[in-house]
Amino acid sequence: MQSVFPSYLNGVDLCSFSKLPFDSRRCCGFFTSPGRWMVFKTEENTPVWKISRSKTKLKCIVEKRTFFGFSYRKCGWAMQRSWRIRNLSDSCTSEKKTDTEFLSGLGEHQSGIGVCETRTLPAVLSIADAIDSLRFVVADLQSKPPILTSGILRFQVPLAPGIRALEWLQSQCLCPHLLPRCYFSPRNSPSTGFGFAADSRSAFNGIAGVGCAVLFKGFKPFSSRDWRSLRRFLSSDSPLIRAYGAIRFDAEMEPSPEWKSFGSFYFVIPQIEFCECPSCSLLAVTIAWDNVSKWKFNKALGTANQAICKLSDQVSPKNARRPLKVLKKEHIPCEHVWHESVKRIIESLKDNQANDFSSSESQITYSAFIERMKLSKVVLARRTELEVDTAIDPLTLLASLQEKDSVAYQFCIQNTDGSAFIGNTPECLFYKDRFTVISEAVAATRPRGMNDKDDFQISMDLLLSGKDNLEFAIVRDSVRQRMEMVCKHVEMVSHKDEIKQAEVQHLYSCLIGQLHNEANECDILSALHPTPAVCGEPQGLAKDIICQTEMFDRGMYAGPVGWIGGDKAEFAVGIRSSLVEPCGYRSLERYFSQGTRFYMYAGAGIVKGSESASEWMELNLKINQFESLLQPFPPLNKAINVNAIWARLIVEECCRLGVIYFCIGPGSRSSPLAIAAAENSGITCVSCIDERSLGFHALGYGRGSCKPAAVITSSGTAVSNLLPAVVEGSQDCVPLLLLTADRPPELQDTGANQTINQDNHFGIFVRYSVNLPAADDKVPARMVLTSIDSAVFRATTEPFGPVHVNCPFREPLAGLPDGWKLDCLRGLEAWAAGSFPFTKYMKNNFIAVSSRTYPIASEMREVIGIVNLARRGLLVVGGLHMVEEVWSTLLLAEYLGWPVMPDILSGLRLRQIDRGSKDNVHIIDNFNHILPSMTAQDILSPDVILQIGSRLTSKGLTHFLEVCQPLAHILVEEHPYRHDPSHTLTHRVQSSVMHFVAVVKAFSTPSQSHDFSEKLKALSKIAAQEISVHFQTQCSLSEPLVAQIVAKSVMPGSALFLGNSMAIRDVDMYAEGEVSNCTAPVLSVLGVQTVGNRGASGIDGVLSTSIGFAAGSKQRVTLLLGDLSFLHDTNGLALLAERGCQPAVTVVVVNNFGGGIFSLLPVANTTAYSIFTKFFSTPHDVSIHRLCLAHRVNHMLVKTNSQLEEALCFTRQQRQSWVIEVESNIEENA
């Protein structure tokens, strides 16, 4: 038997044969017959493959058997190690072209492009206005084209924040002009103890792109030549011009058919981008041309114009799941083969002592060769192929992943044939900012616990596991060594920590280095990829073993995914990922009419001590995030009883309407609803034993997301406990959906246990109330759907507010079978086969159209006339709910030039300042201090007051509005309620802020006196200096100083939540307005979101509301409140402990051991001390530290201003929520 390599295969890697389209792959051995045949043999000398050469291609005859672990001739193994691909086949380059052509950026270029420039256009109100601005720019360029032969221009339009980039991308049509598509979101809120990488990337929450300005796609490994071609279109002067894409795990291998359209690497500079920032959004168009590449300016401009014309100005996320049927599910390898291959590797790793094999040895075993090479780890992967009968948009799947696990990287690369590579990965490969490089080591996996206690125990097991620590040490040390190849200094910032996702947790380490001057992104990629976390150690040997063992093409799974910019770059590791392709993906027109095929990938690290069964379970755990979202709907007719079918209909209809956050209280009567919610993979569920805290938590979610959360409770007083949250939501127009279980009618007024009258239980405090009949198969089930549709519509239509759906259930409840008739399901066939609500309510969304088309009524002409004639106009801004309202108000203030007096909850009282731009917004921070002054009263005689938002915190400002007597006092508010406690309004405009501002900007010509604003600003500056001097002379930490320090600590992209009583008043009085510099200067001022419960202004439920607000807004929250308010909601600590992957909340409790506000009121001086103490100041000796300890919540005590500043800085870097207790004294603050 000869060991001869056939001459006609010279230069071809043996592994390339594994890319041929057959199922049994990766079998290796030694060769016989130097002529036409190459025979692969196993240890049993049984022929497995016979490969012959025909005239045009290799022909394979495959016996359906798969073997792992072979004996090797020494020369044969050495030959296979040396056979690397010299020239990859160019067969992939003959790929069929699409109708849309792109500028290819690859190739040899002698010089850079002529211009790389970013131009920022004036800020606008809406997406429709932004599209108009881009269209005008393109038209202007057409008439005045540049004379340069090459270049890249980016035009970006700032618009209101609050629109999710992924939702914008979902709303765009899938047409050739808007393909390819890409999406990338950084790990904005890292679930680690170290936030270095995240802090440096906080400027953007997500970036979505459609179309292609420049395409970089190759079929050979990404090289320095390709990097130079890519860098040609990038510049540090235009940092937002970026190339987004991915690289194959093993770029030396030819792609298999499913990965062929992506090539070896795939990068794109999008034609149109939507950038989601904390303080604003950006809609941009990029135009690139290069005459050398035969892509002239007119052609580039035409392509950009076609893309702009296809853009949608409506943002309507499509997150509802579609009913599906699983047609095929297959693991490659299967479980049996997996165990066999893992066991062989584990056996080889048990004794890793190198043996000396002499050249005379005729045979070297696979195990012995591993020992000789000192193999320490191999990462084996599994591909799960899942085919369903429904066309599923990959962005819908990604949106569901993001909703459940927002702290991870999310990415999507969808090319022109409809195939998409999506993922939800925790691991950062590297982040580069000029010469600073940050990388991470992530290894070992455990599931998350069912509760905080279980999660802690699992975390401890992970931290103390010998096997997991060995695996982690291999990865961490290897990453450090590889960083030292391109960096001068490498520092291990965290030696060993944990990183937590929604369903899994890992060991984690962060490393920071300084690049060598000559090193670049290509060098970093070459040094770090693939890491031992996805390949093994040593890299070469592990990679070969993977090549021999795995029977599929990894493609871009476990490869680098990210972007390269002018002087920055960021790449994640593409794990927890899936390739999604339409079953008829070669025909784009059939994309939504056929099924979908998913290739889901997961890997497990094999080291000493690994167990094949445990590793298989780990694979299942890792792909569960995808599989749980692709579970088929249980047929409606298979429900165990009629209660179950009604509950499923209620929950599914809520999900289709966008209500995907459920707050569930324990109880038996509500068990059908609770189980239906828990089993719906599109829904996020939280629980709490206290329904009052649960109601406020749902209220906070509604505040943060502007979408209702659903609350499920049992019957009886559990329902009544929701009343405080319902009152607050009703008074402050916050959407909320109450699903209350009840006893059936026959048990009412009978003395039945836990039975009260729940019909119209919340009276006038809900916008809509319906008492469903008890679940019954004699009632058409579609009645349930239409009732939910009506309730959610009323909750989300102005005026927003709570709605109540009372749901009686008879026994048997959940889990117990009871026969029912299928007749009640008639009329649901179309609903069950689709993904839309039963009844679709149409709203008049005229706000989305361009401001040039806004109608103006005769009443508004009068208001416009008043604005035009004002010489001493004053803009008063009350509490605003949405960031879009804050943005619109800023544009109005800049346009009018009037002085602005902002309420603390307006979003303008605390703000970021662009110190380099002209100050066009005249905000008067210290009006509370200057209004009582007689000098100010002489100056402050406005002729017109324009008030945006009705609720005001300051009594001084309210009093001023009563006595100033302007010619006109105009209030703009979207709801119809009468909010005029001083009875001073002369005009009330019921309109959205955005609509009103658009009309004012389109039709008014203000003529404001400049001196009026300057005098008020001068007075405010004097007051600020006096406050500063006062605090500098203080020795102790007073409550006003606490308020100032806490307000100043709020970072861009986070929010401040204020408790009632003294907390909100102190911040309103003493906070400095300028809290930070703008991270993305667009306007001269950008507001910082400040929130509070000011509907009924109670001190109850504040902690729970702030936690819900963090979940709804998906941003870190700092809460400032008093001790009595904290003690009033101690059950909220249970919600604080069960945070999961939601943004952290830092709670600052000012503990003055009683009700400090009452010492400032007249009752303190007119009431006997004993009465005042017992019934007003209510002193206590409760230990806040022990309360936190009992709930497993982090706590720290501070007593000085420096300690408070350090504590706030420390907690900003932590993944967990913290309670900071500040000791205070009532008498000193009085």
# chains A, B, ... in the order shown; residues from 1 in each chain; ligands from 1
>>> residues_around(residues="Val268 in chain A", least_positions_apart="4", cutoff="6 Å", atoms="only C-alpha atoms", output="ChimeraX atom specification")
/A:214-215,243-244
>>> closest_atom_pairs(of="range 479-536 of chain A", to="range 224-230 of chain A", cutoff="12 Å", atoms="only C-alpha atoms", output="tab-separated table")
residue	atom	partner	partner_atom	distance
A:Ala519	CA	A:Ser224	CA	11.0
A:Asn520	CA	A:Trp227	CA	9.0
A:Glu521	CA	A:Trp227	CA	7.9
A:Cys522	CA	A:Ser224	CA	6.1
A:Asp523	CA	A:Ser224	CA	8.0
A:Ile524	CA	A:Ser224	CA	11.2
A:Leu525	CA	A:Ser224	CA	10.6
A:Ser526	CA	A:Ser224	CA	9.9
>>> select_by_dssp(residues="range 453-521 of chain A", states="strand (DSSP E or B)", output="NGL selection string")
:A and (487-500 or 504-515)
>>> residues_around(residues="Met617 in chain A", least_positions_apart="5", cutoff="10 Å", atoms="only C-alpha atoms", output="JSON, numbers by chain")
{"A": [604, 612, 622]}
>>> write_last_selection(atoms="all heavy atoms", output="mmCIF file, in the first residue's frame")
data_model
loop_
_atom_site.group_PDB
_atom_site.id
_atom_site.type_symbol
_atom_site.label_atom_id
_atom_site.label_comp_id
_atom_site.auth_asym_id
_atom_site.auth_seq_id
_atom_site.Cartn_x
_atom_site.Cartn_y
_atom_site.Cartn_z
ATOM 1 N N ALA A 604 -18.525 23.874 22.112
ATOM 2 C CA ALA A 604 -18.176 23.542 23.497
ATOM 3 C C ALA A 604 -16.677 23.269 23.561
ATOM 4 O O ALA A 604 -16.123 22.571 22.698
ATOM 5 C CB ALA A 604 -18.959 22.327 23.990
ATOM 6 N N SER A 612 -18.582 14.356 27.875
ATOM 7 C CA SER A 612 -19.276 14.532 26.597
ATOM 8 C C SER A 612 -20.756 14.833 26.798
ATOM 9 O O SER A 612 -21.337 15.645 26.069
ATOM 10 C CB SER A 612 -19.101 13.292 25.726
ATOM 11 O OG SER A 612 -19.681 12.142 26.344
ATOM 12 N N LYS A 622 -27.019 26.630 24.622
ATOM 13 C CA LYS A 622 -26.590 27.786 23.839
ATOM 14 C C LYS A 622 -27.504 28.084 22.661
ATOM 15 O O LYS A 622 -27.666 29.247 22.280
ATOM 16 C CB LYS A 622 -25.150 27.583 23.368
ATOM 17 C CG LYS A 622 -24.122 27.689 24.492
ATOM 18 C CD LYS A 622 -22.719 27.395 24.016
ATOM 19 C CE LYS A 622 -21.714 27.585 25.135
ATOM 20 N NZ LYS A 622 -20.334 27.228 24.731
#
>>> closest_residue(among="A:Lys843, A:Arg322, A:His1195, A:His929", to="Leu1019 in chain A", atoms="only C-alpha atoms")
A:His929
>>> residues_around(residues="Thr1200 in chain A", least_positions_apart="2", cutoff="7 Å", atoms="only C-alpha atoms", output="NGL selection string")
:A and (1036-1037 or 1198 or 1202-1204)
>>> write_last_selection(atoms="C-alpha atoms", output="PDB file, in the first residue's frame")
ATOM      1  CA  SER A1036     -21.390  68.492  56.326  1.00  0.00           C
ATOM      2  CA  LEU A1037     -23.235  66.687  53.549  1.00  0.00           C
ATOM      3  CA  VAL A1198     -21.668  57.339  52.852  1.00  0.00           C
ATOM      4  CA  SER A1202     -16.346  62.858  48.545  1.00  0.00           C
ATOM      5  CA  GLN A1203     -17.607  59.441  49.637  1.00  0.00           C
ATOM      6  CA  LEU A1204     -20.858  60.032  47.764  1.00  0.00           C
TER       7      LEU A1204
END
>>> residues_around(residues="range 1088-1094 of chain A", least_positions_apart="2", cutoff="6 Å", atoms="only C-alpha atoms", output="JSON, numbers by chain")
{"A": [905, 907, 910, 911, 1055, 1056, 1057, 1058, 1096, 1097]}
>>> write_last_selection(atoms="N, CA, C and O atoms", output="tab-separated table (two decimals), in the first residue's frame")
chain	number	residue	atom	x	y	z
A	905	LEU	N	-38.72	67.94	35.47
A	905	LEU	CA	-39.10	66.74	34.72
A	905	LEU	C	-39.28	67.02	33.23
A	905	LEU	O	-39.83	66.19	32.52
A	907	GLY	N	-36.86	67.37	31.07
A	907	GLY	CA	-35.78	66.85	30.26
A	907	GLY	C	-34.81	67.92	29.80
A	907	GLY	O	-33.85	67.62	29.10
A	910	LEU	N	-31.71	69.38	33.35
A	910	LEU	CA	-30.39	68.76	33.32
A	910	LEU	C	-30.08	68.47	31.85
A	910	LEU	O	-30.90	67.90	31.15
A	911	ARG	N	-28.89	68.81	31.41
A	911	ARG	CA	-28.63	68.72	29.98
A	911	ARG	C	-27.15	68.64	29.71
A	911	ARG	O	-26.30	68.98	30.53
A	1055	ALA	N	-30.68	57.78	32.93
A	1055	ALA	CA	-31.79	58.62	33.36
A	1055	ALA	C	-31.74	58.83	34.86
A	1055	ALA	O	-31.18	58.02	35.61
A	1056	LEU	N	-32.36	59.92	35.30
A	1056	LEU	CA	-32.49	60.23	36.72
A	1056	LEU	C	-33.96	60.12	37.10
A	1056	LEU	O	-34.82	60.75	36.48
A	1057	PHE	N	-34.25	59.30	38.10
A	1057	PHE	CA	-35.61	59.14	38.61
A	1057	PHE	C	-35.66	59.78	39.99
A	1057	PHE	O	-34.82	59.49	40.84
A	1058	LEU	N	-36.66	60.64	40.21
A	1058	LEU	CA	-36.72	61.41	41.45
A	1058	LEU	C	-37.95	61.02	42.26
A	1058	LEU	O	-39.07	60.94	41.73
A	1096	ALA	N	-50.08	61.72	40.82
A	1096	ALA	CA	-50.72	61.93	42.12
A	1096	ALA	C	-49.68	62.31	43.17
A	1096	ALA	O	-50.04	62.58	44.32
A	1097	SER	N	-48.39	62.26	42.82
A	1097	SER	CA	-47.27	62.72	43.67
A	1097	SER	C	-47.21	62.01	45.00
A	1097	SER	O	-46.86	62.60	46.03
>>> closest_atom_pairs(of="range 923-1004 of chain A", to="range 860-869 of chain A", cutoff="12 Å", atoms="only C-alpha atoms", output="JSON lines")
{"residue": "A:Asp943", "atom": "CA", "partner": "A:Leu869", "partner_atom": "CA", "distance": 9.3}
{"residue": "A:Val944", "atom": "CA", "partner": "A:Val867", "partner_atom": "CA", "distance": 7.5}
{"residue": "A:Ile945", "atom": "CA", "partner": "A:Val867", "partner_atom": "CA", "distance": 9.3}
{"residue": "A:Leu946", "atom": "CA", "partner": "A:Val867", "partner_atom": "CA", "distance": 8.5}
{"residue": "A:Pro966", "atom": "CA", "partner": "A:Ile866", "partner_atom": "CA", "distance": 11.5}
{"residue": "A:Leu967", "atom": "CA", "partner": "A:Ile866", "partner_atom": "CA", "distance": 9.0}
{"residue": "A:Ala968", "atom": "CA", "partner": "A:Ile866", "partner_atom": "CA", "distance": 7.7}
{"residue": "A:His969", "atom": "CA", "partner": "A:Ile866", "partner_atom": "CA", "distance": 10.0}
{"residue": "A:Ile970", "atom": "CA", "partner": "A:Val863", "partner_atom": "CA", "distance": 8.0}
{"residue": "A:Leu971", "atom": "CA", "partner": "A:Val863", "partner_atom": "CA", "distance": 10.5}
{"residue": "A:Val972", "atom": "CA", "partner": "A:Val863", "partner_atom": "CA", "distance": 10.8}
{"residue": "A:Thr986", "atom": "CA", "partner": "A:Val863", "partner_atom": "CA", "distance": 10.4}
{"residue": "A:His987", "atom": "CA", "partner": "A:Val863", "partner_atom": "CA", "distance": 7.9}
{"residue": "A:Arg988", "atom": "CA", "partner": "A:Val863", "partner_atom": "CA", "distance": 9.6}
{"residue": "A:Val989", "atom": "CA", "partner": "A:Met860", "partner_atom": "CA", "distance": 8.1}
{"residue": "A:Gln990", "atom": "CA", "partner": "A:Met860", "partner_atom": "CA", "distance": 10.6}
{"residue": "A:Ser991", "atom": "CA", "partner": "A:Met860", "partner_atom": "CA", "distance": 10.7}
{"residue": "A:His995", "atom": "CA", "partner": "A:Met860", "partner_atom": "CA", "distance": 11.6}
{"residue": "A:Phe996", "atom": "CA", "partner": "A:Met860", "partner_atom": "CA", "distance": 9.2}
{"residue": "A:Val997", "atom": "CA", "partner": "A:Ile864", "partner_atom": "CA", "distance": 10.9}
{"residue": "A:Ala998", "atom": "CA", "partner": "A:Ile864", "partner_atom": "CA", "distance": 11.7}
{"residue": "A:Val999", "atom": "CA", "partner": "A:Ile864", "partner_atom": "CA", "distance": 8.6}
{"residue": "A:Val1000", "atom": "CA", "partner": "A:Ile864", "partner_atom": "CA", "distance": 6.6}
{"residue": "A:Lys1001", "atom": "CA", "partner": "A:Ile864", "partner_atom": "CA", "distance": 9.7}
{"residue": "A:Ala1002", "atom": "CA", "partner": "A:Ile864", "partner_atom": "CA", "distance": 10.0}
{"residue": "A:Phe1003", "atom": "CA", "partner": "A:Ile864", "partner_atom": "CA", "distance": 7.1}
{"residue": "A:Ser1004", "atom": "CA", "partner": "A:Ile864", "partner_atom": "CA", "distance": 5.8}
>>> closest_residue(among="A:Tyr977, A:Tyr557, A:Phe1158, A:Phe1109", to="Leu1136 in chain A", atoms="only C-alpha atoms")
A:Phe1109
>>> residues_around(residues="Ser406 in chain A", least_positions_apart="3", cutoff="9 Å", atoms="only C-alpha atoms", output="ChimeraX atom specification")
/A:187-189,401-403,409-410,424,501-502,1114,1141-1143
>>> closest_residue(among="A:Leu825, A:Leu747, A:Ala1144, A:Cys277", to="Asn637 in chain A", atoms="only C-alpha atoms")
A:Leu825
>>> closest_residue(among="A:Leu931, A:Val726, A:Val770, A:Ile269", to="Leu957 in chain A", atoms="only C-alpha atoms")
A:Leu931
>>> residues_around(residues="Val1046 in chain A", least_positions_apart="3", cutoff="9 Å", atoms="only C-alpha atoms", output="PyMOL selection string")
chain A and resi 1041-1043+1049-1050+1056+1067+1071+1118-1120+1148+1204-1205+1208
>>> write_last_selection(atoms="C-alpha atoms", output="PDB file, in the first residue's frame")
ATOM      1  CA  LEU A1041     -25.740  69.164  48.222  1.00  0.00           C
ATOM      2  CA  VAL A1042     -26.694  65.491  47.863  1.00  0.00           C
ATOM      3  CA  ALA A1043     -29.237  66.504  45.224  1.00  0.00           C
ATOM      4  CA  SER A1049     -23.415  62.203  38.239  1.00  0.00           C
ATOM      5  CA  VAL A1050     -25.998  61.254  35.604  1.00  0.00           C
ATOM      6  CA  LEU A1056     -32.492  60.234  36.721  1.00  0.00           C
ATOM      7  CA  VAL A1067     -32.916  68.772  42.626  1.00  0.00           C
ATOM      8  CA  ALA A1071     -29.015  71.052  40.530  1.00  0.00           C
ATOM      9  CA  THR A1118     -30.178  56.604  39.212  1.00  0.00           C
ATOM     10  CA  LEU A1119     -32.965  56.956  41.763  1.00  0.00           C
ATOM     11  CA  LEU A1120     -32.912  59.638  44.471  1.00  0.00           C
ATOM     12  CA  VAL A1148     -29.580  56.850  46.614  1.00  0.00           C
ATOM     13  CA  LEU A1204     -20.858  60.032  47.764  1.00  0.00           C
ATOM     14  CA  GLU A1205     -19.036  61.046  44.575  1.00  0.00           C
ATOM     15  CA  LEU A1208     -21.652  57.018  42.434  1.00  0.00           C
TER      16      LEU A1208
END
>>> select_by_dssp(residues="range 999-1193 of chain A", states="alpha helix (DSSP H)", output="count of residues only")
85
>>> atom_distance(atom1="CA of Asp925 in chain A", atom2="CA of Ser1113 in chain A")
26.1 Å
>>> closest_residue(among="A:Leu723, A:Ala1047, A:Leu106, A:Leu1187", to="Phe222 in chain A", atoms="only C-alpha atoms")
A:Leu106
>>> closest_residue(among="A:Pro773, A:Asn451, A:Gln314, A:Ala307", to="Asp129 in chain A", atoms="only C-alpha atoms")
A:Gln314
>>> atom_distance(atom1="CA of Glu340 in chain A", atom2="CA of Tyr601 in chain A")
19.5 Å
>>> atom_distance(atom1="CA of His1180 in chain A", atom2="CA of Arg692 in chain A")
22.7 Å
